[in-house]
Amino acid sequence: MSERRTILLVEDDRDEIDIALRALGRVGLDDEVAVARDGVEALERLGLEDGDEDDETRAALAPRVVFLDLKMPRIDGWQVLERIRRDPRTADLPVVVLSSSERREDIERSYALGANSFVSKRFQGRSPGHYIAEAARYWLELNRTPRQGV
Amino acid sequence: MIGRPSRDLWLPALIGLVGVLASLAIWGVLVTERREQLRRSTEETAIATASAIEVGLAHHLAILEGLADLRRRFAAGAEAEWRATLAERLDRASGLVAVDWITGDRSGGEVADPPGGGPGHRPRATDDADARDGPRFEGPIEGEAGRIGYRVVLPVEVSSSHPAGRLIGRFEAAPFFETVLRARASGYALEVLAAGRRLYARGEPTNDAWQDWWQSERTVLSPFGGPWRIVLRPTPEYAAARLSPIPHYLLAAGVVLSLVLAVLAHQLRVIKRQSRVLAESHRLVEQRGAELERRVAERTEALEEVVAELEAFNHSVSHDLRSPLGAILNFVAILEEDFEGRVLDEEGMAIVARIERSASRATTLLEDLLKLSRAGRAALRFERVDMNALVAESFAQVRAAQNDDDVELVVGPLPAAHGDAALLGAVLGNLVGNAIKYSRGCEKRRIEVSGRIDGGECVYSVADNGRGFDMRYVDKLFGLFERLHTEDEIEGTGVGLAIVRRIVRRHGGRVWAEGRPGAGACFSFALPDREVE
């Protein structure tokens with residue numbers, strides 16, 4: 001745990017990653033972001049992948065919030081969310097779903113699977129990605145343990 | 001197929017032939033039996049008749065012998081007594097018309113005339129060598145008026161040394177036979193022959209070609225000697241009565257039945273073959289039908305697949321295009337916010353603004369296309385919809401979205417609809433939105449929503465007093481991407497009315513529009529009135 005990465009961004013679209021990082025940069029959180037480019041990588045970074053648990057190609061992270069895109073190749077966001085909620089180590093991990101969909105069934109399904117927030121990637125007219133930044137600050141603040149003197 | 005008719009005909013022909021032959025056999029047996037019966041009875045009758053004649057002749061002989069005795073006793077003289085006795089005896093013997101006495105010396109005799117006359121034939125004395133041996137028959141003799149008769153010559157001996165003479169009995173055949181045969185052999189024609197010549201005949205024989213077969217011929221043992229015969233044949237009436245026509249009827253019926261059976265057998269075969277052909281063609285038709293059904297099902301499935309693919313394509317293209325367009329918009333916003341005045345001058349910023357506007361339009365278009373896709377794909381949730389409430393809600397939403405307050409809404413009482421509230425809301429939102437949009441800039445803007453139930457339909461109309469449209473283009477109104485105004489005049493994507501039409505049609509309804517340039521437009525849609533259900 002040399003790295004201190006408190007935010008795991010799971011997103012396959014480079015533009016979206018850039019926008020999210022910029023928004024998080026504005027609030028000074030960009031250093032804390034680890035990016036997984038698809039569901040498989042996300043599960044690896046969370047140490048939830050099947051099989052090779054000893055294969056430590058990447059350092060397992062213990063993020064305090066996950067931003068999760070829904071539509072991804074191979075393992076989609078809902079499957080990742082299911083795995084996160086099923087594992088006791090991550091069952092309580094805050095997950096913010098990021099989606100370009102605004103369909104009611106997608107939103108309902110996300111919450112039914114245990115999402116904590118649902119944020120639309122749709123263009124909001126100003127300060128792109130600021131919803132992401134605000135969600136990140138909200139969940140990090142909420143989950144920050146009182147700092148103890150070291 | 002050439003050998004087919006003969007193969008089809010042999011069985012019916014066989015049935016007909018066997019039937020006819022059987023009928024003929026039965027007929028033959030019955031007819032033969034009856035004819036045999038008739039022949040036997042003819043024979044029996046002939047025997048009885050012959051006996052009766054024999055008895056009658058014996059009687060005659062007895063009378064003659066009695067007379068001969070008398071003659072002996074009266075040997076000579078006593079003529080008066082002889083005559084008296086003779087007359088008495090003659091009365092008792094039918095057919096005996098006269099008795100002559102010829103004395104032995106041939107000097108002629110006294111002739112006793114029969115009472116009531118008779119054949120006036122005077123027999124001539126005969127001198128036969130065998131006259132003395134017993135009675136002798138002579139005849140037939142044709143007498144007066146063609147009456148057939150005969151004579152019996154009886155030699156009389158007074159003593160062995162004195163032949164006294166001959167007693168000649170003259171007989172007329174008809175009275176004798178009529179008396180003897182009065183109650184006999186009725187129904188038969190009969191003929192009595194003596195020495196091969198006809199002595200007596202009665203009745204008409206049958207003309208039947210078979211009559212010889214029935215004919216019965218018997219010899220009559222005459223005490224007078226001479227070959228007498230009788231021939232019996234049934235009369236036509238009697239034969240007809242004895243030979244019942246039933247066998248003929250049976251034969252006719254049998255032949256007809258055989259023919260009918262043969263025809264039926266043939267018909268049966270024909271029907272069987274036809275039904276085989278029918279069954280075969282039926283099977284073929286069914287097979288073809290099943291094949292057609294299968295192909296229709298296949299095509300339908302293929303078409304449904306294609307439609308589903310197109311829908312999915314539409315949906316995913318719209319959906320997937322949103323992300324890059326969103327990215328463009330986001331980066332444009334980043335440029336405007338984060339780099340304003342740093343990288344781009346005023347002209348650069350104007351270009352950025354145009355990029356943003358184009359991307360926005362594309363995004364709106366995609367949003368509308370997604371709505372259209374949803375209008376076509378979403379499962380309808382039918383319920384009772386309060387259309388007045390829905391109009392009010394839609395109007396509020398649209399007015400807020402378009403940020404347009406300067407418009408009056410008049411809503412009449414609307415019949416409740418039966419449909420999907422969300423989709424009907426989209427219909428009203430589009431129509432009311434268009435009404436607001438296309439009346440912008442006009443004075444005293446007024447949107448009037450009215451409804452009525454008409455012929456099993458709930459009809460709703462949204463009318464405005466805006467710029468209206470030319471009815472020449474009414475067909476284009478509801479087409480996808482069809483617009484009557486440029487984007488610069490009035491914003492829009494040309495999808496809204498297509499969505500309206502798709503939703504109304506999915507509800508089983510119809511949609512139409514009326515308008516006049518500068519005089520406003522009226523859009524109406526009708527839904528089936530399902531309130532009664």
# chains A, B, ... in the order shown; residues from 1 in each chain; ligands from 1
>>> interface_residues(of="chain B", to="chain A", cutoff="10 Å", atoms="only C-alpha atoms", output="list in words")
His319, Asp320, Arg322, Ser323, Pro324, Leu325, Gly326, Ala327, Ile328, Leu329, Asn330, Phe331, Val332, Ala333, Ile334, Glu336, Glu337, Asp338, Ser360, Thr363 and Arg374 of chain B
>>> select_by_dssp(residues="region 1-145 of chain A", states="helix (DSSP H, G or I)", output="PyMOL selection string")
chain A and resi 14-26+30-32+39-45+77-86+104-112+130-143
>>> write_last_selection(atoms="C-alpha atoms", output="PDB file, in the first residue's frame")
ATOM      1  CA  ARG A  14     -10.553   8.167 -22.530  1.00  0.00           C
ATOM      2  CA  ASP A  15     -12.462  11.439 -22.969  1.00  0.00           C
ATOM      3  CA  GLU A  16     -14.644  10.695 -20.016  1.00  0.00           C
ATOM      4  CA  ILE A  17     -11.555   9.837 -17.978  1.00  0.00           C
ATOM      5  CA  ASP A  18     -10.002  13.154 -18.974  1.00  0.00           C
ATOM      6  CA  ILE A  19     -13.118  15.128 -18.087  1.00  0.00           C
ATOM      7  CA  ALA A  20     -13.438  13.355 -14.752  1.00  0.00           C
ATOM      8  CA  LEU A  21      -9.770  13.884 -13.929  1.00  0.00           C
ATOM      9  CA  ARG A  22     -10.003  17.574 -14.796  1.00  0.00           C
ATOM     10  CA  ALA A  23     -13.051  17.986 -12.610  1.00  0.00           C
ATOM     11  CA  LEU A  24     -11.406  16.134  -9.764  1.00  0.00           C
ATOM     12  CA  GLY A  25      -8.267  18.171 -10.350  1.00  0.00           C
ATOM     13  CA  ARG A  26     -10.182  21.341  -9.687  1.00  0.00           C
ATOM     14  CA  ASP A  30      -6.734  14.028  -9.024  1.00  0.00           C
ATOM     15  CA  ASP A  31      -3.729  12.587  -7.259  1.00  0.00           C
ATOM     16  CA  GLU A  32      -5.930  10.135  -5.438  1.00  0.00           C
ATOM     17  CA  GLY A  39     -14.542  -4.231 -15.433  1.00  0.00           C
ATOM     18  CA  VAL A  40     -11.870  -6.909 -15.394  1.00  0.00           C
ATOM     19  CA  GLU A  41      -9.179  -4.448 -14.404  1.00  0.00           C
ATOM     20  CA  ALA A  42     -11.489  -2.929 -11.804  1.00  0.00           C
ATOM     21  CA  LEU A  43     -11.987  -6.311 -10.165  1.00  0.00           C
ATOM     22  CA  GLU A  44      -8.227  -6.892 -10.230  1.00  0.00           C
ATOM     23  CA  ARG A  45      -7.535  -3.575  -8.586  1.00  0.00           C
ATOM     24  CA  GLY A  77     -20.649  -2.054 -14.551  1.00  0.00           C
ATOM     25  CA  TRP A  78     -23.540  -3.981 -13.093  1.00  0.00           C
ATOM     26  CA  GLN A  79     -21.499  -7.178 -12.896  1.00  0.00           C
ATOM     27  CA  VAL A  80     -18.694  -5.296 -11.173  1.00  0.00           C
ATOM     28  CA  LEU A  81     -21.195  -3.786  -8.776  1.00  0.00           C
ATOM     29  CA  GLU A  82     -22.629  -7.195  -7.998  1.00  0.00           C
ATOM     30  CA  ARG A  83     -19.182  -8.615  -7.218  1.00  0.00           C
ATOM     31  CA  ILE A  84     -18.345  -5.641  -5.043  1.00  0.00           C
ATOM     32  CA  ARG A  85     -21.496  -6.048  -3.011  1.00  0.00           C
ATOM     33  CA  ARG A  86     -21.114  -9.802  -2.725  1.00  0.00           C
ATOM     34  CA  ARG A 104     -35.350   4.846 -15.550  1.00  0.00           C
ATOM     35  CA  GLU A 105     -34.772   1.090 -15.632  1.00  0.00           C
ATOM     36  CA  ASP A 106     -31.007   1.596 -15.716  1.00  0.00           C
ATOM     37  CA  ILE A 107     -31.178   3.900 -12.725  1.00  0.00           C
ATOM     38  CA  GLU A 108     -33.488   1.597 -10.803  1.00  0.00           C
ATOM     39  CA  ARG A 109     -31.373  -1.429 -11.563  1.00  0.00           C
ATOM     40  CA  SER A 110     -28.231   0.348 -10.377  1.00  0.00           C
ATOM     41  CA  TYR A 111     -29.754   1.232  -7.048  1.00  0.00           C
ATOM     42  CA  ALA A 112     -31.250  -2.234  -6.739  1.00  0.00           C
ATOM     43  CA  HIS A 130     -18.411  18.877 -11.477  1.00  0.00           C
ATOM     44  CA  TYR A 131     -21.038  16.359 -10.348  1.00  0.00           C
ATOM     45  CA  ILE A 132     -18.279  13.777 -10.210  1.00  0.00           C
ATOM     46  CA  ALA A 133     -16.071  16.088  -8.199  1.00  0.00           C
ATOM     47  CA  GLU A 134     -18.860  16.846  -5.774  1.00  0.00           C
ATOM     48  CA  ALA A 135     -19.770  13.199  -5.392  1.00  0.00           C
ATOM     49  CA  ALA A 136     -16.139  12.355  -4.731  1.00  0.00           C
ATOM     50  CA  ARG A 137     -15.796  15.017  -2.081  1.00  0.00           C
ATOM     51  CA  TYR A 138     -19.071  13.950  -0.508  1.00  0.00           C
ATOM     52  CA  TRP A 139     -18.123  10.291  -0.162  1.00  0.00           C
ATOM     53  CA  LEU A 140     -14.515  10.938   0.837  1.00  0.00           C
ATOM     54  CA  GLU A 141     -15.575  13.407   3.503  1.00  0.00           C
ATOM     55  CA  LEU A 142     -18.167  11.018   4.800  1.00  0.00           C
ATOM     56  CA  ASN A 143     -15.811   8.110   4.981  1.00  0.00           C
TER      57      ASN A 143
END
>>> residues_around(residues="region 429-432 of chain B", least_positions_apart="3", cutoff="8 Å", atoms="only C-alpha atoms", output="count of residues only")
15
>>> closest_residue(among="B:Arg505, B:Arg467, B:Arg34, B:His418", to="Leu243 (chain B)", atoms="only C-alpha atoms")
B:Arg34
>>> select_by_dssp(residues="region 18-104 of chain A", states="strand (DSSP E)", output="PyMOL selection string")
chain A and resi 33-36+65-69+95-99
>>> atom_distance(atom1="CA of Ala265 (chain B)", atom2="CA of Leu284 (chain B)")
28.1 Å
>>> closest_residue(among="A:Leu48, A:Leu61, A:Leu8, A:Ala91", to="Val35 (chain A)", atoms="only C-alpha atoms")
A:Leu8
>>> closest_residue(among="B:Ala93, B:Ala262, B:Val31, B:Val459", to="Ala13 (chain B)", atoms="only C-alpha atoms")
B:Ala262
>>> residues_around(residues="Tyr200 (chain B)", least_positions_apart="4", cutoff="12 Å", atoms="only C-alpha atoms", output="tab-separated table (two decimals) with N, CA and C atoms, in the first residue's frame")
chain	number	residue	atom	x	y	z
B	53	ILE	N	-112.07	-93.75	-69.04
B	53	ILE	CA	-112.58	-94.15	-70.37
B	53	ILE	C	-112.74	-95.66	-70.42
B	139	GLY	N	-114.05	-97.92	-86.48
B	139	GLY	CA	-114.13	-96.46	-86.39
B	139	GLY	C	-112.78	-95.81	-86.53
B	140	PRO	N	-112.66	-94.53	-86.41
B	140	PRO	CA	-113.80	-93.65	-86.25
B	140	PRO	C	-114.59	-93.50	-87.55
B	141	ILE	N	-115.82	-93.18	-87.38
B	141	ILE	CA	-116.69	-93.03	-88.52
B	141	ILE	C	-117.28	-91.65	-88.44
B	142	GLU	N	-117.25	-91.02	-89.58
B	142	GLU	CA	-117.84	-89.68	-89.58
B	142	GLU	C	-119.30	-89.81	-89.93
B	146	GLY	N	-121.01	-84.25	-89.47
B	146	GLY	CA	-119.60	-84.37	-89.10
B	146	GLY	C	-119.38	-84.93	-87.73
B	147	ARG	N	-120.45	-85.49	-87.13
B	147	ARG	CA	-120.24	-86.06	-85.80
B	147	ARG	C	-119.45	-87.34	-85.91
B	148	ILE	N	-118.49	-87.40	-85.05
B	148	ILE	CA	-117.61	-88.56	-85.10
B	148	ILE	C	-118.24	-89.67	-84.25
B	149	GLY	N	-118.23	-90.82	-84.74
B	149	GLY	CA	-118.75	-91.96	-83.97
B	149	GLY	C	-117.95	-93.21	-84.27
B	150	TYR	N	-118.44	-94.32	-83.69
B	150	TYR	CA	-117.76	-95.58	-83.96
B	150	TYR	C	-118.78	-96.71	-83.75
B	172	GLU	N	-121.88	-92.51	-80.64
B	172	GLU	CA	-121.41	-91.15	-81.00
B	172	GLU	C	-120.34	-90.77	-79.97
B	173	ALA	N	-119.22	-90.35	-80.43
B	173	ALA	CA	-118.07	-90.15	-79.51
B	173	ALA	C	-118.32	-89.02	-78.52
B	174	ALA	N	-118.78	-87.87	-79.03
B	174	ALA	CA	-118.86	-86.69	-78.17
B	174	ALA	C	-119.69	-86.90	-76.91
B	175	PRO	N	-120.95	-87.37	-77.02
B	175	PRO	CA	-121.72	-87.52	-75.79
B	175	PRO	C	-121.06	-88.48	-74.80
B	176	PHE	N	-120.50	-89.58	-75.35
B	176	PHE	CA	-119.88	-90.54	-74.46
B	176	PHE	C	-118.70	-89.92	-73.69
B	177	PHE	N	-117.83	-89.33	-74.44
B	177	PHE	CA	-116.63	-88.79	-73.76
B	177	PHE	C	-116.97	-87.63	-72.85
B	178	GLU	N	-117.98	-86.86	-73.32
B	178	GLU	CA	-118.36	-85.72	-72.46
B	178	GLU	C	-118.89	-86.23	-71.14
B	181	LEU	N	-115.93	-87.85	-69.19
B	181	LEU	CA	-114.86	-86.93	-68.77
B	181	LEU	C	-115.38	-85.64	-68.17
B	189	ALA	N	-106.30	-79.95	-72.38
B	189	ALA	CA	-106.84	-80.24	-73.69
B	189	ALA	C	-106.56	-81.73	-73.93
B	190	LEU	N	-107.57	-82.42	-74.40
B	190	LEU	CA	-107.29	-83.83	-74.59
B	190	LEU	C	-107.81	-84.30	-75.94
B	191	GLU	N	-107.26	-85.34	-76.35
B	191	GLU	CA	-107.55	-85.89	-77.65
B	191	GLU	C	-107.63	-87.42	-77.50
B	192	VAL	N	-108.65	-88.00	-78.05
B	192	VAL	CA	-108.73	-89.46	-78.01
B	192	VAL	C	-108.55	-89.96	-79.44
B	193	LEU	N	-107.62	-90.83	-79.60
B	193	LEU	CA	-107.31	-91.35	-80.93
B	193	LEU	C	-107.62	-92.83	-80.99
B	194	ALA	N	-108.23	-93.20	-82.06
B	194	ALA	CA	-108.44	-94.63	-82.29
B	194	ALA	C	-107.85	-94.96	-83.63
B	196	GLY	N	-105.14	-94.37	-84.60
B	196	GLY	CA	-104.33	-93.25	-85.08
B	196	GLY	C	-105.16	-92.09	-85.58
B	228	TRP	N	-106.34	-97.62	-78.75
B	228	TRP	CA	-106.85	-96.30	-78.38
B	228	TRP	C	-105.78	-95.56	-77.59
B	229	ARG	N	-105.75	-94.33	-77.86
B	229	ARG	CA	-104.78	-93.52	-77.09
B	229	ARG	C	-105.44	-92.22	-76.68
B	230	ILE	N	-105.00	-91.71	-75.55
B	230	ILE	CA	-105.42	-90.33	-75.25
B	230	ILE	C	-104.16	-89.48	-75.10
B	231	VAL	N	-104.31	-88.27	-75.53
B	231	VAL	CA	-103.20	-87.31	-75.44
B	231	VAL	C	-103.68	-86.13	-74.61
B	232	LEU	N	-102.96	-85.81	-73.55
B	232	LEU	CA	-103.33	-84.70	-72.67
B	232	LEU	C	-102.28	-83.60	-72.75
